[in-house]
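With compact mmCIF, N, CA and C atoms inside, this is work25.txt:
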```
# COMPACT_ATOMS: atom_id res chain seq x y z
N MET Z 1 -11.92 -11.03 -9.54
CA MET Z 1 -11.04 -11.08 -8.39
C MET Z 1 -10.01 -9.95 -8.45
N THR Z 2 -9.52 -9.61 -7.31
CA THR Z 2 -8.53 -8.54 -7.18
C THR Z 2 -7.13 -9.07 -7.48
N GLU Z 3 -6.35 -8.27 -8.19
CA GLU Z 3 -4.95 -8.61 -8.42
C GLU Z 3 -4.16 -8.10 -7.22
N ILE Z 4 -3.47 -9.00 -6.54
CA ILE Z 4 -2.71 -8.64 -5.34
C ILE Z 4 -1.23 -8.82 -5.60
N GLY Z 5 -0.48 -7.76 -5.41
CA GLY Z 5 0.97 -7.80 -5.52
C GLY Z 5 1.59 -7.73 -4.14
N PHE Z 6 2.42 -8.70 -3.83
CA PHE Z 6 3.14 -8.72 -2.55
C PHE Z 6 4.50 -8.08 -2.78
N TYR Z 7 4.80 -7.02 -2.06
CA TYR Z 7 6.02 -6.24 -2.23
C TYR Z 7 6.94 -6.48 -1.04
N HIS Z 8 8.01 -7.23 -1.30
CA HIS Z 8 8.97 -7.67 -0.29
C HIS Z 8 10.06 -6.60 -0.16
N LEU Z 9 9.97 -5.79 0.88
CA LEU Z 9 10.92 -4.70 1.10
C LEU Z 9 12.21 -5.27 1.69
N THR Z 10 13.28 -5.20 0.92
CA THR Z 10 14.57 -5.73 1.39
C THR Z 10 15.67 -4.69 1.39
N ARG Z 11 15.55 -3.64 0.57
CA ARG Z 11 16.63 -2.67 0.41
C ARG Z 11 16.30 -1.29 0.98
N THR Z 12 15.04 -0.92 0.94
CA THR Z 12 14.65 0.39 1.45
C THR Z 12 13.49 0.22 2.42
N PRO Z 13 13.39 1.11 3.39
CA PRO Z 13 12.27 1.02 4.33
C PRO Z 13 10.97 1.47 3.67
N LEU Z 14 9.88 1.13 4.29
CA LEU Z 14 8.56 1.49 3.80
C LEU Z 14 8.46 2.99 3.52
N GLU Z 15 9.04 3.80 4.38
CA GLU Z 15 8.93 5.25 4.25
C GLU Z 15 9.57 5.78 2.97
N ARG Z 16 10.46 5.03 2.38
CA ARG Z 16 11.04 5.43 1.09
C ARG Z 16 10.35 4.73 -0.08
N ALA Z 17 9.91 3.50 0.12
CA ALA Z 17 9.28 2.75 -0.97
C ALA Z 17 7.84 3.18 -1.22
N LEU Z 18 7.08 3.44 -0.17
CA LEU Z 18 5.66 3.77 -0.32
C LEU Z 18 5.43 5.00 -1.19
N PRO Z 19 6.12 6.12 -0.96
CA PRO Z 19 5.86 7.28 -1.82
C PRO Z 19 6.10 7.00 -3.31
N ARG Z 20 7.12 6.23 -3.62
CA ARG Z 20 7.41 5.91 -5.03
C ARG Z 20 6.31 5.07 -5.65
N LEU Z 21 5.81 4.10 -4.89
CA LEU Z 21 4.71 3.28 -5.41
C LEU Z 21 3.44 4.12 -5.57
N LEU Z 22 3.18 5.01 -4.62
CA LEU Z 22 2.01 5.88 -4.72
C LEU Z 22 2.13 6.85 -5.90
N GLU Z 23 3.36 7.27 -6.22
CA GLU Z 23 3.55 8.11 -7.40
C GLU Z 23 3.10 7.37 -8.66
N LYS Z 24 3.41 6.08 -8.74
CA LYS Z 24 3.00 5.29 -9.90
C LYS Z 24 1.48 5.15 -9.96
N VAL Z 25 0.87 4.92 -8.81
CA VAL Z 25 -0.59 4.81 -8.77
C VAL Z 25 -1.21 6.13 -9.23
N ALA Z 26 -0.77 7.23 -8.63
CA ALA Z 26 -1.32 8.54 -8.98
C ALA Z 26 -1.03 8.88 -10.44
N GLY Z 27 0.14 8.53 -10.92
CA GLY Z 27 0.52 8.79 -12.30
C GLY Z 27 -0.34 8.06 -13.30
N SER Z 28 -0.93 6.95 -12.87
CA SER Z 28 -1.82 6.19 -13.76
C SER Z 28 -3.26 6.71 -13.71
N GLY Z 29 -3.48 7.75 -12.89
CA GLY Z 29 -4.82 8.32 -12.77
C GLY Z 29 -5.73 7.58 -11.82
N ARG Z 30 -5.18 6.66 -11.06
CA ARG Z 30 -5.99 5.89 -10.11
C ARG Z 30 -5.98 6.53 -8.73
N ARG Z 31 -6.96 6.15 -7.94
CA ARG Z 31 -7.05 6.57 -6.55
C ARG Z 31 -6.63 5.40 -5.67
N ALA Z 32 -6.11 5.72 -4.47
CA ALA Z 32 -5.63 4.68 -3.58
C ALA Z 32 -6.10 4.92 -2.15
N VAL Z 33 -6.28 3.83 -1.43
CA VAL Z 33 -6.45 3.83 0.01
C VAL Z 33 -5.24 3.12 0.58
N VAL Z 34 -4.58 3.73 1.57
CA VAL Z 34 -3.47 3.11 2.28
C VAL Z 34 -3.99 2.73 3.66
N LEU Z 35 -4.08 1.44 3.93
CA LEU Z 35 -4.59 0.93 5.20
C LEU Z 35 -3.42 0.69 6.14
N THR Z 36 -3.39 1.48 7.22
CA THR Z 36 -2.30 1.44 8.19
C THR Z 36 -2.73 0.75 9.48
N GLY Z 37 -1.74 0.48 10.34
CA GLY Z 37 -2.02 -0.20 11.60
C GLY Z 37 -2.57 0.67 12.70
N SER Z 38 -2.52 2.01 12.54
CA SER Z 38 -3.03 2.90 13.57
C SER Z 38 -3.25 4.30 13.00
N GLU Z 39 -4.05 5.07 13.71
CA GLU Z 39 -4.27 6.46 13.31
C GLU Z 39 -2.96 7.24 13.36
N GLU Z 40 -2.13 6.95 14.36
CA GLU Z 40 -0.83 7.62 14.48
C GLU Z 40 0.05 7.33 13.27
N ARG Z 41 0.03 6.11 12.81
CA ARG Z 41 0.82 5.73 11.63
C ARG Z 41 0.30 6.46 10.39
N ALA Z 42 -1.03 6.55 10.25
CA ALA Z 42 -1.61 7.27 9.11
C ALA Z 42 -1.16 8.74 9.14
N GLU Z 43 -1.17 9.36 10.30
CA GLU Z 43 -0.76 10.76 10.42
C GLU Z 43 0.74 10.93 10.16
N ALA Z 44 1.55 9.97 10.60
CA ALA Z 44 2.99 10.04 10.33
C ALA Z 44 3.26 9.95 8.83
N LEU Z 45 2.55 9.06 8.15
CA LEU Z 45 2.70 8.94 6.69
C LEU Z 45 2.14 10.18 5.98
N ASN Z 46 1.10 10.76 6.54
CA ASN Z 46 0.55 12.00 6.00
C ASN Z 46 1.64 13.07 5.98
N ALA Z 47 2.34 13.22 7.10
CA ALA Z 47 3.43 14.20 7.18
C ALA Z 47 4.55 13.84 6.21
N LEU Z 48 4.89 12.57 6.14
CA LEU Z 48 5.96 12.12 5.26
C LEU Z 48 5.67 12.46 3.80
N LEU Z 49 4.43 12.24 3.36
CA LEU Z 49 4.10 12.47 1.96
C LEU Z 49 4.17 13.95 1.58
N TRP Z 50 4.15 14.84 2.56
CA TRP Z 50 4.34 16.27 2.26
C TRP Z 50 5.81 16.62 2.11
N THR Z 51 6.71 15.79 2.68
CA THR Z 51 8.12 16.18 2.78
C THR Z 51 9.11 15.23 2.13
N TYR Z 52 8.70 14.08 1.66
CA TYR Z 52 9.65 13.06 1.20
C TYR Z 52 10.51 13.51 0.03
N ASP Z 53 9.99 14.38 -0.82
CA ASP Z 53 10.74 14.87 -1.98
C ASP Z 53 10.26 16.28 -2.30
N PRO Z 54 11.14 17.28 -2.16
CA PRO Z 54 10.70 18.65 -2.40
C PRO Z 54 10.24 18.92 -3.84
N ASP Z 55 10.58 18.04 -4.77
CA ASP Z 55 10.19 18.22 -6.17
C ASP Z 55 8.95 17.43 -6.56
N SER Z 56 8.32 16.76 -5.58
CA SER Z 56 7.14 15.94 -5.87
C SER Z 56 5.95 16.40 -5.05
N PHE Z 57 4.78 16.08 -5.56
CA PHE Z 57 3.54 16.37 -4.85
C PHE Z 57 2.58 15.22 -5.05
N LEU Z 58 2.16 14.63 -3.96
CA LEU Z 58 1.15 13.57 -3.99
C LEU Z 58 -0.07 14.06 -3.23
N PRO Z 59 -1.16 14.37 -3.89
CA PRO Z 59 -2.35 14.82 -3.18
C PRO Z 59 -2.90 13.69 -2.32
N HIS Z 60 -3.09 13.96 -1.04
CA HIS Z 60 -3.51 12.93 -0.10
C HIS Z 60 -4.15 13.55 1.13
N GLY Z 61 -4.74 12.70 1.95
CA GLY Z 61 -5.33 13.17 3.18
C GLY Z 61 -5.68 12.04 4.12
N THR Z 62 -6.08 12.45 5.33
CA THR Z 62 -6.49 11.52 6.38
C THR Z 62 -7.81 12.00 6.97
N ALA Z 63 -8.34 11.26 7.91
CA ALA Z 63 -9.58 11.66 8.58
C ALA Z 63 -9.43 13.04 9.21
N ARG Z 64 -8.27 13.34 9.72
CA ARG Z 64 -8.02 14.65 10.34
C ARG Z 64 -8.17 15.77 9.30
N ASP Z 65 -7.78 15.50 8.05
CA ASP Z 65 -7.91 16.49 6.98
C ASP Z 65 -9.34 16.60 6.46
N GLY Z 66 -10.06 15.47 6.48
CA GLY Z 66 -11.43 15.45 5.98
C GLY Z 66 -11.49 15.42 4.47
N ARG Z 67 -12.70 15.59 3.95
CA ARG Z 67 -12.96 15.61 2.51
C ARG Z 67 -12.44 14.35 1.81
N ALA Z 68 -12.74 13.22 2.37
CA ALA Z 68 -12.23 11.95 1.86
C ALA Z 68 -12.52 11.75 0.37
N GLY Z 69 -13.70 12.11 -0.04
CA GLY Z 69 -14.09 11.90 -1.44
C GLY Z 69 -13.26 12.69 -2.43
N GLU Z 70 -12.60 13.75 -1.97
CA GLU Z 70 -11.78 14.59 -2.83
C GLU Z 70 -10.31 14.18 -2.84
N GLN Z 71 -9.94 13.26 -1.98
CA GLN Z 71 -8.53 12.90 -1.82
C GLN Z 71 -8.16 11.73 -2.74
N PRO Z 72 -7.23 11.93 -3.68
CA PRO Z 72 -6.80 10.83 -4.55
C PRO Z 72 -6.10 9.70 -3.78
N ILE Z 73 -5.43 10.05 -2.67
CA ILE Z 73 -4.79 9.06 -1.82
C ILE Z 73 -5.32 9.27 -0.41
N TRP Z 74 -5.91 8.24 0.17
CA TRP Z 74 -6.51 8.32 1.49
C TRP Z 74 -5.75 7.41 2.44
N LEU Z 75 -5.22 7.97 3.51
CA LEU Z 75 -4.47 7.23 4.52
C LEU Z 75 -5.39 7.00 5.72
N THR Z 76 -5.55 5.74 6.12
CA THR Z 76 -6.53 5.42 7.16
C THR Z 76 -6.13 4.18 7.94
N ASP Z 77 -6.69 4.06 9.14
CA ASP Z 77 -6.54 2.83 9.92
C ASP Z 77 -7.86 2.05 9.93
N SER Z 78 -8.83 2.51 9.13
CA SER Z 78 -10.13 1.84 9.03
C SER Z 78 -10.25 1.15 7.67
N ASP Z 79 -10.89 0.00 7.66
CA ASP Z 79 -11.10 -0.75 6.42
C ASP Z 79 -12.26 -0.10 5.67
N GLU Z 80 -11.92 0.97 4.92
CA GLU Z 80 -12.92 1.77 4.24
C GLU Z 80 -12.41 2.20 2.87
N ASN Z 81 -13.32 2.67 2.04
CA ASN Z 81 -12.96 3.18 0.72
C ASN Z 81 -13.78 4.44 0.45
N PRO Z 82 -13.52 5.51 1.21
CA PRO Z 82 -14.35 6.71 1.09
C PRO Z 82 -14.04 7.58 -0.13
N ASN Z 83 -12.95 7.30 -0.84
CA ASN Z 83 -12.58 8.13 -1.99
C ASN Z 83 -12.78 7.40 -3.32
N GLY Z 84 -13.46 6.26 -3.30
CA GLY Z 84 -13.72 5.51 -4.53
C GLY Z 84 -12.46 4.97 -5.16
N ALA Z 85 -11.50 4.56 -4.34
CA ALA Z 85 -10.21 4.07 -4.84
C ALA Z 85 -10.36 2.73 -5.54
N THR Z 86 -9.48 2.50 -6.52
CA THR Z 86 -9.41 1.20 -7.19
C THR Z 86 -8.16 0.44 -6.77
N VAL Z 87 -7.28 1.10 -5.98
CA VAL Z 87 -6.05 0.48 -5.50
C VAL Z 87 -6.03 0.55 -3.98
N LEU Z 88 -5.77 -0.58 -3.36
CA LEU Z 88 -5.62 -0.67 -1.92
C LEU Z 88 -4.16 -0.98 -1.61
N VAL Z 89 -3.57 -0.23 -0.68
CA VAL Z 89 -2.21 -0.49 -0.24
C VAL Z 89 -2.27 -0.92 1.22
N LEU Z 90 -1.80 -2.13 1.48
CA LEU Z 90 -1.79 -2.67 2.84
C LEU Z 90 -0.37 -2.56 3.40
N ILE Z 91 -0.26 -1.98 4.60
CA ILE Z 91 1.03 -1.93 5.29
C ILE Z 91 0.81 -2.39 6.73
N ASP Z 92 1.88 -2.54 7.47
CA ASP Z 92 1.81 -2.92 8.89
C ASP Z 92 1.12 -4.26 9.10
N GLY Z 93 1.12 -5.13 8.08
CA GLY Z 93 0.49 -6.45 8.22
C GLY Z 93 -1.03 -6.41 8.20
N MET Z 94 -1.61 -5.31 7.74
CA MET Z 94 -3.06 -5.17 7.73
C MET Z 94 -3.70 -6.09 6.68
N VAL Z 95 -4.94 -6.44 6.92
CA VAL Z 95 -5.75 -7.21 5.98
C VAL Z 95 -7.06 -6.46 5.80
N SER Z 96 -7.72 -6.72 4.69
CA SER Z 96 -8.99 -6.05 4.39
C SER Z 96 -10.06 -7.07 4.06
N ALA Z 97 -11.24 -6.84 4.59
CA ALA Z 97 -12.40 -7.66 4.24
C ALA Z 97 -13.05 -7.13 2.96
N ARG Z 98 -12.50 -6.03 2.40
CA ARG Z 98 -13.11 -5.37 1.25
C ARG Z 98 -12.27 -5.50 -0.01
N LEU Z 99 -11.46 -6.53 -0.14
CA LEU Z 99 -10.60 -6.68 -1.31
C LEU Z 99 -11.37 -6.61 -2.62
N ALA Z 100 -12.56 -7.13 -2.63
CA ALA Z 100 -13.36 -7.16 -3.86
C ALA Z 100 -13.75 -5.76 -4.33
N ASP Z 101 -13.60 -4.75 -3.47
CA ASP Z 101 -13.91 -3.36 -3.85
C ASP Z 101 -12.81 -2.75 -4.72
N TYR Z 102 -11.69 -3.43 -4.85
CA TYR Z 102 -10.52 -2.87 -5.53
C TYR Z 102 -10.12 -3.73 -6.72
N GLU Z 103 -9.55 -3.07 -7.73
CA GLU Z 103 -8.99 -3.80 -8.87
C GLU Z 103 -7.63 -4.38 -8.50
N ARG Z 104 -6.88 -3.62 -7.69
CA ARG Z 104 -5.50 -4.00 -7.38
C ARG Z 104 -5.23 -3.73 -5.92
N CYS Z 105 -4.39 -4.57 -5.34
CA CYS Z 105 -3.95 -4.42 -3.96
C CYS Z 105 -2.43 -4.59 -3.91
N LEU Z 106 -1.77 -3.69 -3.19
CA LEU Z 106 -0.33 -3.79 -2.96
C LEU Z 106 -0.14 -4.10 -1.49
N ASP Z 107 0.46 -5.23 -1.19
CA ASP Z 107 0.72 -5.66 0.19
C ASP Z 107 2.22 -5.51 0.43
N LEU Z 108 2.61 -4.48 1.18
CA LEU Z 108 4.02 -4.19 1.43
C LEU Z 108 4.42 -4.77 2.78
N PHE Z 109 5.55 -5.49 2.79
CA PHE Z 109 6.01 -6.07 4.06
C PHE Z 109 7.52 -6.00 4.17
N ASP Z 110 8.01 -5.93 5.39
CA ASP Z 110 9.43 -5.79 5.71
C ASP Z 110 10.11 -7.15 5.59
N GLY Z 111 10.94 -7.31 4.56
CA GLY Z 111 11.64 -8.57 4.34
C GLY Z 111 12.76 -8.84 5.33
N ASN Z 112 13.08 -7.86 6.17
CA ASN Z 112 14.13 -8.04 7.18
C ASN Z 112 13.55 -8.43 8.53
N ASP Z 113 12.26 -8.59 8.61
CA ASP Z 113 11.56 -8.96 9.84
C ASP Z 113 10.95 -10.35 9.64
N PRO Z 114 11.52 -11.38 10.28
CA PRO Z 114 11.01 -12.75 10.07
C PRO Z 114 9.52 -12.90 10.37
N GLU Z 115 9.02 -12.20 11.37
CA GLU Z 115 7.59 -12.30 11.70
C GLU Z 115 6.74 -11.68 10.58
N ALA Z 116 7.20 -10.55 10.02
CA ALA Z 116 6.46 -9.91 8.93
C ALA Z 116 6.46 -10.80 7.69
N VAL Z 117 7.57 -11.48 7.43
CA VAL Z 117 7.65 -12.39 6.28
C VAL Z 117 6.71 -13.57 6.48
N ALA Z 118 6.70 -14.14 7.68
CA ALA Z 118 5.81 -15.27 7.97
C ALA Z 118 4.34 -14.85 7.84
N ALA Z 119 4.01 -13.67 8.31
CA ALA Z 119 2.63 -13.17 8.21
C ALA Z 119 2.26 -12.94 6.75
N ALA Z 120 3.20 -12.43 5.95
CA ALA Z 120 2.93 -12.21 4.53
C ALA Z 120 2.69 -13.54 3.82
N ARG Z 121 3.42 -14.56 4.20
CA ARG Z 121 3.20 -15.88 3.60
C ARG Z 121 1.80 -16.39 3.91
N GLU Z 122 1.32 -16.14 5.12
CA GLU Z 122 -0.04 -16.55 5.49
C GLU Z 122 -1.07 -15.77 4.67
N ARG Z 123 -0.83 -14.46 4.49
CA ARG Z 123 -1.76 -13.66 3.68
C ARG Z 123 -1.75 -14.16 2.24
N TRP Z 124 -0.57 -14.53 1.73
CA TRP Z 124 -0.46 -15.08 0.37
C TRP Z 124 -1.32 -16.33 0.24
N ARG Z 125 -1.16 -17.26 1.20
CA ARG Z 125 -1.93 -18.51 1.14
C ARG Z 125 -3.43 -18.23 1.17
N GLY Z 126 -3.85 -17.32 2.03
CA GLY Z 126 -5.28 -16.99 2.11
C GLY Z 126 -5.80 -16.37 0.82
N ALA Z 127 -5.00 -15.47 0.24
CA ALA Z 127 -5.41 -14.82 -1.01
C ALA Z 127 -5.46 -15.82 -2.15
N LYS Z 128 -4.52 -16.75 -2.16
CA LYS Z 128 -4.50 -17.77 -3.21
C LYS Z 128 -5.72 -18.67 -3.09
N GLN Z 129 -6.04 -19.09 -1.87
CA GLN Z 129 -7.22 -19.93 -1.65
C GLN Z 129 -8.51 -19.21 -2.04
N ALA Z 130 -8.52 -17.88 -1.89
CA ALA Z 130 -9.70 -17.09 -2.24
C ALA Z 130 -9.80 -16.85 -3.74
N GLY Z 131 -8.78 -17.26 -4.50
CA GLY Z 131 -8.83 -17.16 -5.95
C GLY Z 131 -8.32 -15.85 -6.54
N HIS Z 132 -7.64 -15.05 -5.75
CA HIS Z 132 -7.10 -13.79 -6.27
C HIS Z 132 -5.88 -14.05 -7.17
N ALA Z 133 -5.65 -13.17 -8.12
CA ALA Z 133 -4.45 -13.24 -8.97
C ALA Z 133 -3.30 -12.65 -8.17
N LEU Z 134 -2.22 -13.41 -8.01
CA LEU Z 134 -1.12 -12.99 -7.14
C LEU Z 134 0.17 -12.77 -7.92
N THR Z 135 0.92 -11.75 -7.50
CA THR Z 135 2.27 -11.53 -8.00
C THR Z 135 3.16 -11.22 -6.80
N TYR Z 136 4.43 -11.55 -6.96
CA TYR Z 136 5.41 -11.33 -5.90
C TYR Z 136 6.50 -10.43 -6.47
N TRP Z 137 6.78 -9.33 -5.78
CA TRP Z 137 7.76 -8.35 -6.21
C TRP Z 137 8.84 -8.21 -5.15
N GLN Z 138 10.08 -8.25 -5.61
CA GLN Z 138 11.22 -8.08 -4.70
C GLN Z 138 12.04 -6.87 -5.17
N GLN Z 139 12.56 -6.14 -4.22
CA GLN Z 139 13.36 -4.97 -4.57
C GLN Z 139 14.67 -5.40 -5.23
N THR Z 140 15.08 -4.60 -6.22
CA THR Z 140 16.35 -4.85 -6.90
C THR Z 140 17.44 -4.01 -6.23
N GLU Z 141 18.67 -4.29 -6.58
CA GLU Z 141 19.78 -3.51 -6.02
C GLU Z 141 19.70 -2.04 -6.39
N GLN Z 142 19.07 -1.74 -7.50
CA GLN Z 142 18.93 -0.35 -7.95
C GLN Z 142 17.75 0.35 -7.28
N GLY Z 143 16.99 -0.36 -6.47
CA GLY Z 143 15.86 0.24 -5.77
C GLY Z 143 14.53 0.08 -6.47
N GLY Z 144 14.52 -0.55 -7.64
CA GLY Z 144 13.27 -0.80 -8.35
C GLY Z 144 12.64 -2.11 -7.89
N TRP Z 145 11.75 -2.63 -8.70
CA TRP Z 145 11.05 -3.87 -8.37
C TRP Z 145 11.15 -4.86 -9.50
N GLN Z 146 11.30 -6.13 -9.13
CA GLN Z 146 11.37 -7.21 -10.12
C GLN Z 146 10.37 -8.28 -9.71
N ALA Z 147 9.53 -8.70 -10.67
CA ALA Z 147 8.61 -9.79 -10.41
C ALA Z 147 9.38 -11.09 -10.27
N ARG Z 148 9.01 -11.87 -9.29
CA ARG Z 148 9.64 -13.18 -9.06
C ARG Z 148 8.57 -14.25 -9.08
N ALA Z 149 8.99 -15.44 -9.38
CA ALA Z 149 8.05 -16.58 -9.39
C ALA Z 149 7.84 -17.10 -7.99
```
Output the file's structure as structure tokens, nothing else.
Amino acid sequence: MTEIGFYHLTRTPLERALPRLLEKVAGSGRRAVVLTGSEERAEALNALLWTYDPDSFLPHGTARDGRAGEQPIWLTDSDENPNGATVLVLIDGMVSARLADYERCLDLFDGNDPEAVAAARERWRGAKQAGHALTYWQQTEQGGWQARA
């Protein structure tokens, strides 16, 4: 079963938290797919990952860039794994029918949006019923992450 971590964004927006989490994934030598709610969102994140920190570089791409198999981080609005990723990152409330293709899944949701929190709770229940190993992570005041029960 896939290990799914639910990341409750309370202190920083997705646009600041996602690059840091992807740095950890890339730093571990793993590949990732980021499943977004739209092609426009994937392209906006593509631009963000080029500019979020002038001292960092995260190799990534989208369908517009092509060469999916060569991209360590693939941003997409399709439920696909064209780069052989072992980590799936879900944003915008997305779900995947391909969870079993991944060792780990990060489900990021906006803790300041009651609808996003309610939807994340539903995804948690579904993942638990499916037998996945679940963890819950909440942002700390310092901007890091702390596992919660």
Can you tell me, as a PDB file with N, CA and C atoms, in the coordinates of the input, what residues are no more than 6 Å from stretch 105-112 of chain Z when counting all atoms listed in the file, ignoring any on the same chain fewer than 2 positions away?
```pdb
ATOM      1  N   THR Z   2      -9.520  -9.610  -7.310  1.00  0.00           N
ATOM      2  CA  THR Z   2      -8.530  -8.540  -7.180  1.00  0.00           C
ATOM      3  C   THR Z   2      -7.130  -9.070  -7.480  1.00  0.00           C
ATOM      4  N   GLU Z   3      -6.350  -8.270  -8.190  1.00  0.00           N
ATOM      5  CA  GLU Z   3      -4.950  -8.610  -8.420  1.00  0.00           C
ATOM      6  C   GLU Z   3      -4.160  -8.100  -7.220  1.00  0.00           C
ATOM      7  N   ILE Z   4      -3.470  -9.000  -6.540  1.00  0.00           N
ATOM      8  CA  ILE Z   4      -2.710  -8.640  -5.340  1.00  0.00           C
ATOM      9  C   ILE Z   4      -1.230  -8.820  -5.600  1.00  0.00           C
ATOM     10  N   GLY Z   5      -0.480  -7.760  -5.410  1.00  0.00           N
ATOM     11  CA  GLY Z   5       0.970  -7.800  -5.520  1.00  0.00           C
ATOM     12  C   GLY Z   5       1.590  -7.730  -4.140  1.00  0.00           C
ATOM     13  N   PHE Z   6       2.420  -8.700  -3.830  1.00  0.00           N
ATOM     14  CA  PHE Z   6       3.140  -8.720  -2.550  1.00  0.00           C
ATOM     15  C   PHE Z   6       4.500  -8.080  -2.780  1.00  0.00           C
ATOM     16  N   TYR Z   7       4.800  -7.020  -2.060  1.00  0.00           N
ATOM     17  CA  TYR Z   7       6.020  -6.240  -2.230  1.00  0.00           C
ATOM     18  C   TYR Z   7       6.940  -6.480  -1.040  1.00  0.00           C
ATOM     19  N   HIS Z   8       8.010  -7.230  -1.300  1.00  0.00           N
ATOM     20  CA  HIS Z   8       8.970  -7.670  -0.290  1.00  0.00           C
ATOM     21  C   HIS Z   8      10.060  -6.600  -0.160  1.00  0.00           C
ATOM     22  N   LEU Z   9       9.970  -5.790   0.880  1.00  0.00           N
ATOM     23  CA  LEU Z   9      10.920  -4.700   1.100  1.00  0.00           C
ATOM     24  C   LEU Z   9      12.210  -5.270   1.690  1.00  0.00           C
ATOM     25  N   THR Z  10      13.280  -5.200   0.920  1.00  0.00           N
ATOM     26  CA  THR Z  10      14.570  -5.730   1.390  1.00  0.00           C
ATOM     27  C   THR Z  10      15.670  -4.690   1.390  1.00  0.00           C
ATOM     28  N   VAL Z  87      -7.280   1.100  -5.980  1.00  0.00           N
ATOM     29  CA  VAL Z  87      -6.050   0.480  -5.500  1.00  0.00           C
ATOM     30  C   VAL Z  87      -6.030   0.550  -3.980  1.00  0.00           C
ATOM     31  N   LEU Z  88      -5.770  -0.580  -3.360  1.00  0.00           N
ATOM     32  CA  LEU Z  88      -5.620  -0.670  -1.920  1.00  0.00           C
ATOM     33  C   LEU Z  88      -4.160  -0.980  -1.610  1.00  0.00           C
ATOM     34  N   VAL Z  89      -3.570  -0.230  -0.680  1.00  0.00           N
ATOM     35  CA  VAL Z  89      -2.210  -0.490  -0.240  1.00  0.00           C
ATOM     36  C   VAL Z  89      -2.270  -0.920   1.220  1.00  0.00           C
ATOM     37  N   LEU Z  90      -1.800  -2.130   1.480  1.00  0.00           N
ATOM     38  CA  LEU Z  90      -1.790  -2.670   2.840  1.00  0.00           C
ATOM     39  C   LEU Z  90      -0.370  -2.560   3.400  1.00  0.00           C
ATOM     40  N   ILE Z  91      -0.260  -1.980   4.600  1.00  0.00           N
ATOM     41  CA  ILE Z  91       1.030  -1.930   5.290  1.00  0.00           C
ATOM     42  C   ILE Z  91       0.810  -2.390   6.730  1.00  0.00           C
ATOM     43  N   ASP Z  92       1.880  -2.540   7.470  1.00  0.00           N
ATOM     44  CA  ASP Z  92       1.810  -2.920   8.890  1.00  0.00           C
ATOM     45  C   ASP Z  92       1.120  -4.260   9.100  1.00  0.00           C
ATOM     46  N   TYR Z 102     -11.690  -3.430  -4.850  1.00  0.00           N
ATOM     47  CA  TYR Z 102     -10.520  -2.870  -5.530  1.00  0.00           C
ATOM     48  C   TYR Z 102     -10.120  -3.730  -6.720  1.00  0.00           C
ATOM     49  N   GLU Z 103      -9.550  -3.070  -7.730  1.00  0.00           N
ATOM     50  CA  GLU Z 103      -8.990  -3.800  -8.870  1.00  0.00           C
ATOM     51  C   GLU Z 103      -7.630  -4.380  -8.500  1.00  0.00           C
ATOM     52  N   PRO Z 114      11.520 -11.380  10.280  1.00  0.00           N
ATOM     53  CA  PRO Z 114      11.010 -12.750  10.070  1.00  0.00           C
ATOM     54  C   PRO Z 114       9.520 -12.900  10.370  1.00  0.00           C
ATOM     55  N   ALA Z 116       7.200 -10.550  10.020  1.00  0.00           N
ATOM     56  CA  ALA Z 116       6.460  -9.910   8.930  1.00  0.00           C
ATOM     57  C   ALA Z 116       6.460 -10.800   7.690  1.00  0.00           C
ATOM     58  N   VAL Z 117       7.570 -11.480   7.430  1.00  0.00           N
ATOM     59  CA  VAL Z 117       7.650 -12.390   6.280  1.00  0.00           C
ATOM     60  C   VAL Z 117       6.710 -13.570   6.480  1.00  0.00           C
TER      61      VAL Z 117
END
```
*Distance atom CA of Z:Pro72-atom CA of Z:Pro19, one decimal place?*
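Atom CA of Z:Pro19 lies at a distance of 13.4 Å from atom CA of Z:Pro72.
Comparing the minimum interatomic distances between Z:Pro82 and each of Z:Asp53, Z:Glu23, Z:Glu15, Z:Asp101, counting only C-alpha atoms, we find that Z:Asp101 sits nearest.
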*Among the residues of stretch 5-106 of chain Z, find those DSSP assigns to helix (DSSP H, G or I) from the backbone and print them as number ranges by chain.*
Z: 14-27, 39-51, 68-70, 99-101
_Please report the interatomic distance between atom N of Z:Tyr136 and atom CA of Z:Arg123 in Å with one decimal._
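Atom CA of Z:Arg123 lies at a distance of 12.5 Å from atom N of Z:Tyr136.
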_When DSSP is applied to the backbone of this structure, which of stretch 3-149 of chain Z are assigned strand (DSSP E or B)? Write them out as an MDAnalysis selection string._
chainID Z and resid 3:9 32:35 60:61 73:76 87:90 104:110 133:139 145:148
_Taking only C-alpha atoms into account, name the residue in Z:Asp77, Z:Pro59, Z:Val95, Z:Trp145 that is nearest to Z:Ala17._
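Going through Z:Asp77, Z:Pro59, Z:Val95, Z:Trp145 one by one, the smallest distance to Z:Ala17 is for Z:Trp145.
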*Work out how far apart atom C of Z:Ala42 and atom CA of Z:Leu18 are and give it in Å to one decimal.*
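Atom C of Z:Ala42 sits 12.7 Å away from atom CA of Z:Leu18.
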